[in-house]
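What follows is a set of notes on a single structure, which appears directly below.
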Amino acid sequence: MSQLVARTALRALLVCGGGNCNMFVSSVSAASVMKSPYEITKPMRIHDWCGRFVDFKIGSKHVQGDFKLRWRRMSSASAMENKDENSTVKKDQNGGGSVAVPSYWGIETAKMKITRKDGSDWPWNCFMPWETYQANLSIDLKKHHVPKNIADKIAYRIVKLLRIPTDIFFQRRYGCRAMMLETVAAVPGMVGGMLLHLKSIRKFEHSGGWIKALLEEAENERMHLMTMMELVKPKWYERLLVMLVQGIFFNSFLVCYVISPRLAHRIVGYLEEEAIHSYTEFLKDIDDGKIENVAAPAIAIDYWRLPKDATLKDVVTVIRADEAHHRDVNHFASDIRNQGKELREAAAPIGYH
């Protein structure tokens, strides 16, 4: 049909002398096309705005060819639609409720089949198997940075003051205490990583891996919180307290990091020391039977690669090891700034999480 239209337009242009013509073509009936397999010729007339008629003949083979081509295209499109519908239903039935949604952007997550080492399906979409790790339980838990200058002493006093209302409110309810602690501990890494990211693109310079290291820390602390949420269900007033504390702490830490990154990292280092102390007390209460040593949540077993029979004690132990690592990283960052250097001048300790 495209060849027919092209020929018709060319002839009309030649007749009109190359002018602009508006023409119509009387169509060939489908009956005449399908009547005989032999060549059928039917005269056609073209009317143009030049006021003249042009007669020419068209063979049925042209129309038949176009008819068959259109039929094949329609059949192919119908088959593709049926195939897509069948595959979508199949994935919905076998994929645990995940429907394959056709995407213009080429993102087809439903086709990704991720499994554990034992071949069972991976149940989490918030982290992948290659993001899991085993905590370094040999890390020194007793290290303490002795305040050496005014900034260190200010940071130390701030953390000790922050502990007073926490002790009063939670006392020895270490499950709720850990939950609240993680809502605060997940903030500094995100703030530091964000500000270093902005500085990197503003000054056209690398960060030495510190953006990645701090964002990994924030994500790790958030996973601590997600784990604790499986064990402790916060009450409405505790949720309200989290919103209040997060708003105050985020803005305060943001201002602190802009003014003095050295002070900000030192505060986090001392906060992590307090976290180690809190989790140690948590473990003592578990050993003394004051807190039931329940089975570890499934998310913790997969995230830290714990054995299937892991318990709450195992979870608290690996979380405490993570806090010790964050303590070392932030004290190290503050020491770099104390020496008058930028963080990018010393390689960040990435790859632990």
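Identifiers in the structure tokens: chain A, B, ... in order shown; residue index from 1 per chain; ligand index from 1 in order shown.
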Test item: residues at most 12 Å from range 167-171 of chain A, only C-alpha atoms, excluding those fewer than 5 positions along its chain, as a PDB file with N, CA, C and O atoms, in the first residue's frame:
```
ATOM      1  N   LYS A 160      27.517  12.858  77.881  1.00  0.00           N
ATOM      2  CA  LYS A 160      27.160  12.479  79.248  1.00  0.00           C
ATOM      3  C   LYS A 160      25.864  13.157  79.692  1.00  0.00           C
ATOM      4  O   LYS A 160      25.044  12.548  80.413  1.00  0.00           O
ATOM      5  N   LEU A 161      25.644  14.407  79.248  1.00  0.00           N
ATOM      6  CA  LEU A 161      24.399  15.094  79.575  1.00  0.00           C
ATOM      7  C   LEU A 161      23.205  14.447  78.874  1.00  0.00           C
ATOM      8  O   LEU A 161      22.113  14.348  79.441  1.00  0.00           O
ATOM      9  N   LEU A 162      23.424  14.001  77.632  1.00  0.00           N
ATOM     10  CA  LEU A 162      22.343  13.357  76.884  1.00  0.00           C
ATOM     11  C   LEU A 162      21.944  12.021  77.504  1.00  0.00           C
ATOM     12  O   LEU A 162      20.803  11.567  77.345  1.00  0.00           O
ATOM     13  N   CYS A 176      13.617  -1.215  74.626  1.00  0.00           N
ATOM     14  CA  CYS A 176      13.120   0.106  74.212  1.00  0.00           C
ATOM     15  C   CYS A 176      14.263   1.113  74.121  1.00  0.00           C
ATOM     16  O   CYS A 176      14.276   1.984  73.247  1.00  0.00           O
ATOM     17  N   ARG A 177      15.216   0.977  75.033  1.00  0.00           N
ATOM     18  CA  ARG A 177      16.366   1.875  75.027  1.00  0.00           C
ATOM     19  C   ARG A 177      17.170   1.713  73.733  1.00  0.00           C
ATOM     20  O   ARG A 177      17.573   2.705  73.112  1.00  0.00           O
ATOM     21  N   ALA A 178      17.377   0.459  73.315  1.00  0.00           N
ATOM     22  CA  ALA A 178      18.124   0.211  72.079  1.00  0.00           C
ATOM     23  C   ALA A 178      17.373   0.745  70.865  1.00  0.00           C
ATOM     24  O   ALA A 178      17.973   1.309  69.940  1.00  0.00           O
ATOM     25  N   MET A 179      16.057   0.579  70.879  1.00  0.00           N
ATOM     26  CA  MET A 179      15.264   1.102  69.773  1.00  0.00           C
ATOM     27  C   MET A 179      15.405   2.615  69.656  1.00  0.00           C
ATOM     28  O   MET A 179      15.627   3.159  68.560  1.00  0.00           O
ATOM     29  N   MET A 180      15.281   3.304  70.777  1.00  0.00           N
ATOM     30  CA  MET A 180      15.430   4.760  70.773  1.00  0.00           C
ATOM     31  C   MET A 180      16.849   5.169  70.383  1.00  0.00           C
ATOM     32  O   MET A 180      17.049   6.134  69.632  1.00  0.00           O
ATOM     33  N   LEU A 181      17.822   4.437  70.882  1.00  0.00           N
ATOM     34  CA  LEU A 181      19.217   4.748  70.577  1.00  0.00           C
ATOM     35  C   LEU A 181      19.487   4.666  69.075  1.00  0.00           C
ATOM     36  O   LEU A 181      20.182   5.518  68.516  1.00  0.00           O
ATOM     37  N   TYR A 237       3.408   6.924  72.630  1.00  0.00           N
ATOM     38  CA  TYR A 237       4.169   8.055  73.162  1.00  0.00           C
ATOM     39  C   TYR A 237       5.665   7.903  72.864  1.00  0.00           C
ATOM     40  O   TYR A 237       6.398   8.903  72.773  1.00  0.00           O
ATOM     41  N   GLU A 238       6.120   6.666  72.714  1.00  0.00           N
ATOM     42  CA  GLU A 238       7.517   6.457  72.325  1.00  0.00           C
ATOM     43  C   GLU A 238       7.732   6.855  70.863  1.00  0.00           C
ATOM     44  O   GLU A 238       8.772   7.421  70.512  1.00  0.00           O
ATOM     45  N   LEU A 241       7.929  10.528  70.866  1.00  0.00           N
ATOM     46  CA  LEU A 241       9.233  10.948  71.365  1.00  0.00           C
ATOM     47  C   LEU A 241      10.310  10.806  70.292  1.00  0.00           C
ATOM     48  O   LEU A 241      11.197  11.660  70.170  1.00  0.00           O
ATOM     49  N   GLU A 274      28.900   4.928  74.463  1.00  0.00           N
ATOM     50  CA  GLU A 274      27.743   4.728  75.338  1.00  0.00           C
ATOM     51  C   GLU A 274      26.857   3.597  74.825  1.00  0.00           C
ATOM     52  O   GLU A 274      26.262   2.848  75.615  1.00  0.00           O
ATOM     53  N   SER A 278      25.587   0.278  76.788  1.00  0.00           N
ATOM     54  CA  SER A 278      24.174  -0.097  76.901  1.00  0.00           C
ATOM     55  C   SER A 278      23.940  -1.530  76.436  1.00  0.00           C
ATOM     56  O   SER A 278      23.207  -2.299  77.082  1.00  0.00           O
ATOM     57  N   GLU A 281      25.177  -4.025  79.009  1.00  0.00           N
ATOM     58  CA  GLU A 281      24.197  -4.196  80.077  1.00  0.00           C
ATOM     59  C   GLU A 281      23.003  -5.031  79.594  1.00  0.00           C
ATOM     60  O   GLU A 281      22.435  -5.822  80.364  1.00  0.00           O
ATOM     61  N   PHE A 282      22.647  -4.852  78.347  1.00  0.00           N
ATOM     62  CA  PHE A 282      21.580  -5.642  77.734  1.00  0.00           C
ATOM     63  C   PHE A 282      21.935  -7.130  77.806  1.00  0.00           C
ATOM     64  O   PHE A 282      21.123  -7.983  78.205  1.00  0.00           O
TER      65      PHE A 282
END
```
Tell me which protein, DNA and RNA residues are within 10 Å of Met194 in chain A, counting only C-alpha atoms, leaving out same-chain ones fewer than 4 positions away, and put them as a PDB file with N, CA and C atoms, in the first residue's frame.
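Saved the output as part25.pdb:
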```
ATOM      1  N   PRO A 188      23.680  10.707  62.316  1.00  0.00           N
ATOM      2  CA  PRO A 188      24.973  11.335  62.004  1.00  0.00           C
ATOM      3  C   PRO A 188      25.600  10.882  60.686  1.00  0.00           C
ATOM      4  N   GLY A 189      25.559   9.583  60.387  1.00  0.00           N
ATOM      5  CA  GLY A 189      26.155   9.112  59.145  1.00  0.00           C
ATOM      6  C   GLY A 189      25.492   9.723  57.923  1.00  0.00           C
ATOM      7  N   MET A 190      24.173   9.841  57.968  1.00  0.00           N
ATOM      8  CA  MET A 190      23.455  10.443  56.843  1.00  0.00           C
ATOM      9  C   MET A 190      23.774  11.922  56.706  1.00  0.00           C
ATOM     10  N   LEU A 198      27.819  17.065  49.133  1.00  0.00           N
ATOM     11  CA  LEU A 198      27.640  18.419  48.605  1.00  0.00           C
ATOM     12  C   LEU A 198      28.985  19.128  48.451  1.00  0.00           C
ATOM     13  N   LYS A 199      29.865  18.926  49.406  1.00  0.00           N
ATOM     14  CA  LYS A 199      31.190  19.538  49.327  1.00  0.00           C
ATOM     15  C   LYS A 199      31.984  18.984  48.151  1.00  0.00           C
ATOM     16  N   SER A 200      31.850  17.684  47.909  1.00  0.00           N
ATOM     17  CA  SER A 200      32.584  17.050  46.814  1.00  0.00           C
ATOM     18  C   SER A 200      32.165  17.607  45.463  1.00  0.00           C
ATOM     19  N   ILE A 211      32.259   9.488  51.918  1.00  0.00           N
ATOM     20  CA  ILE A 211      30.812   9.556  51.669  1.00  0.00           C
ATOM     21  C   ILE A 211      30.215   8.161  51.792  1.00  0.00           C
ATOM     22  N   LEU A 214      30.310   6.785  55.504  1.00  0.00           N
ATOM     23  CA  LEU A 214      29.320   7.360  56.418  1.00  0.00           C
ATOM     24  C   LEU A 214      27.902   6.931  56.061  1.00  0.00           C
ATOM     25  N   LEU A 215      27.612   6.822  54.776  1.00  0.00           N
ATOM     26  CA  LEU A 215      26.285   6.356  54.382  1.00  0.00           C
ATOM     27  C   LEU A 215      26.092   4.877  54.726  1.00  0.00           C
ATOM     28  N   LEU A 254      23.333  18.803  62.291  1.00  0.00           N
ATOM     29  CA  LEU A 254      23.629  19.440  61.007  1.00  0.00           C
ATOM     30  C   LEU A 254      24.394  20.742  61.212  1.00  0.00           C
TER      31      LEU A 254
END
```
If we count only C-alpha atoms, what is near Pro147 in chain A at a cut-off of 12 Å, once residues fewer than 2 positions away on the same chain are taken out, given as a PDB file with C-alpha atoms, in the first residue's frame?
```
ATOM      1  CA  HIS A 144      38.082   4.752  75.117  1.00  0.00           C
ATOM      2  CA  HIS A 145      39.257   8.055  73.735  1.00  0.00           C
ATOM      3  CA  ASN A 149      41.515  19.306  73.995  1.00  0.00           C
ATOM      4  CA  ILE A 150      38.579  21.648  74.482  1.00  0.00           C
ATOM      5  CA  ALA A 151      36.597  20.165  71.594  1.00  0.00           C
ATOM      6  CA  ASP A 152      37.016  16.651  72.983  1.00  0.00           C
ATOM      7  CA  LYS A 153      35.924  17.754  76.448  1.00  0.00           C
ATOM      8  CA  ILE A 154      32.868  19.549  75.049  1.00  0.00           C
ATOM      9  CA  ALA A 155      31.883  16.451  73.057  1.00  0.00           C
ATOM     10  CA  TYR A 156      32.344  14.203  76.068  1.00  0.00           C
ATOM     11  CA  ARG A 157      30.230  16.425  78.323  1.00  0.00           C
ATOM     12  CA  LEU A 263      33.512  18.110  67.094  1.00  0.00           C
ATOM     13  CA  ARG A 266      33.969  13.183  68.288  1.00  0.00           C
ATOM     14  CA  ILE A 267      30.408  13.409  69.626  1.00  0.00           C
ATOM     15  CA  GLY A 269      32.500   8.490  68.775  1.00  0.00           C
ATOM     16  CA  TYR A 270      31.441   9.052  72.390  1.00  0.00           C
ATOM     17  CA  HIS A 331      37.178   8.866  66.474  1.00  0.00           C
ATOM     18  CA  SER A 334      37.969  13.426  64.358  1.00  0.00           C
ATOM     19  CA  ASP A 335      41.693  12.699  64.780  1.00  0.00           C
TER      20      ASP A 335
END
```
Enumerate, in order of chain and increasing residue number, the residues of range 185-296 of chain A with an atom no farther than 10 Å from range 307-324 of chain A, each with its shortest atom pair and distance in Å to one decimal, counting only C-alpha atoms, as CSV.
```
residue,atom,partner,partner_atom,distance
A:Ala185,CA,A:Glu323,CA,9.4
A:Glu217,CA,A:Asp322,CA,9.0
A:Asn220,CA,A:Asp322,CA,8.1
A:Glu221,CA,A:Glu323,CA,8.6
A:Met223,CA,A:Ile319,CA,9.7
A:His224,CA,A:Ile319,CA,6.9
A:Thr227,CA,A:Val315,CA,8.7
A:Met228,CA,A:Val315,CA,9.5
A:Leu231,CA,A:Leu312,CA,8.8
A:Gly269,CA,A:Ala324,CA,9.1
A:Leu271,CA,A:Glu323,CA,9.3
A:Glu272,CA,A:Glu323,CA,5.7
A:Glu273,CA,A:Ala324,CA,7.2
A:Glu274,CA,A:Glu323,CA,9.3
A:Ala275,CA,A:Glu323,CA,6.7
A:Ile276,CA,A:Arg320,CA,5.6
A:His277,CA,A:Arg320,CA,8.7
A:Ser278,CA,A:Arg320,CA,8.9
A:Tyr279,CA,A:Arg320,CA,6.0
A:Thr280,CA,A:Arg320,CA,7.6
A:Phe282,CA,A:Val316,CA,7.7
A:Leu283,CA,A:Lys313,CA,6.5
A:Lys284,CA,A:Lys313,CA,9.7
A:Ile286,CA,A:Lys313,CA,6.9
A:Asp287,CA,A:Lys313,CA,8.4
A:Ile291,CA,A:Leu312,CA,9.5
A:Glu292,CA,A:Leu312,CA,8.3
A:Asn293,CA,A:Leu312,CA,5.3
A:Val294,CA,A:Leu312,CA,5.5
A:Ala295,CA,A:Thr311,CA,4.3
A:Ala296,CA,A:Thr311,CA,4.3
```
> Could you pull out the helix (DSSP H, G or I) residues of range 126-273 of chain A from DSSP and send them as number ranges by chain?
Replying inline: A: 129-131, 150-170, 174-203, 210-231, 236-259, 261-273
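Interatomic distance, CA of Ala135 in chain A against CA of Trp304 in chain A: 6.7 Å.
If only C-alpha atoms are the atoms counted, then among A:Leu141, A:Leu244, A:Val258, A:Val146 the closest residue to Leu195 in chain A is A:Val258.
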> Pick the closest to Trp130 in chain A from A:His325, A:Asp302, A:Asp118, A:Ala348: which is it, counting only C-alpha atoms?
Replying inline: A:Asp302
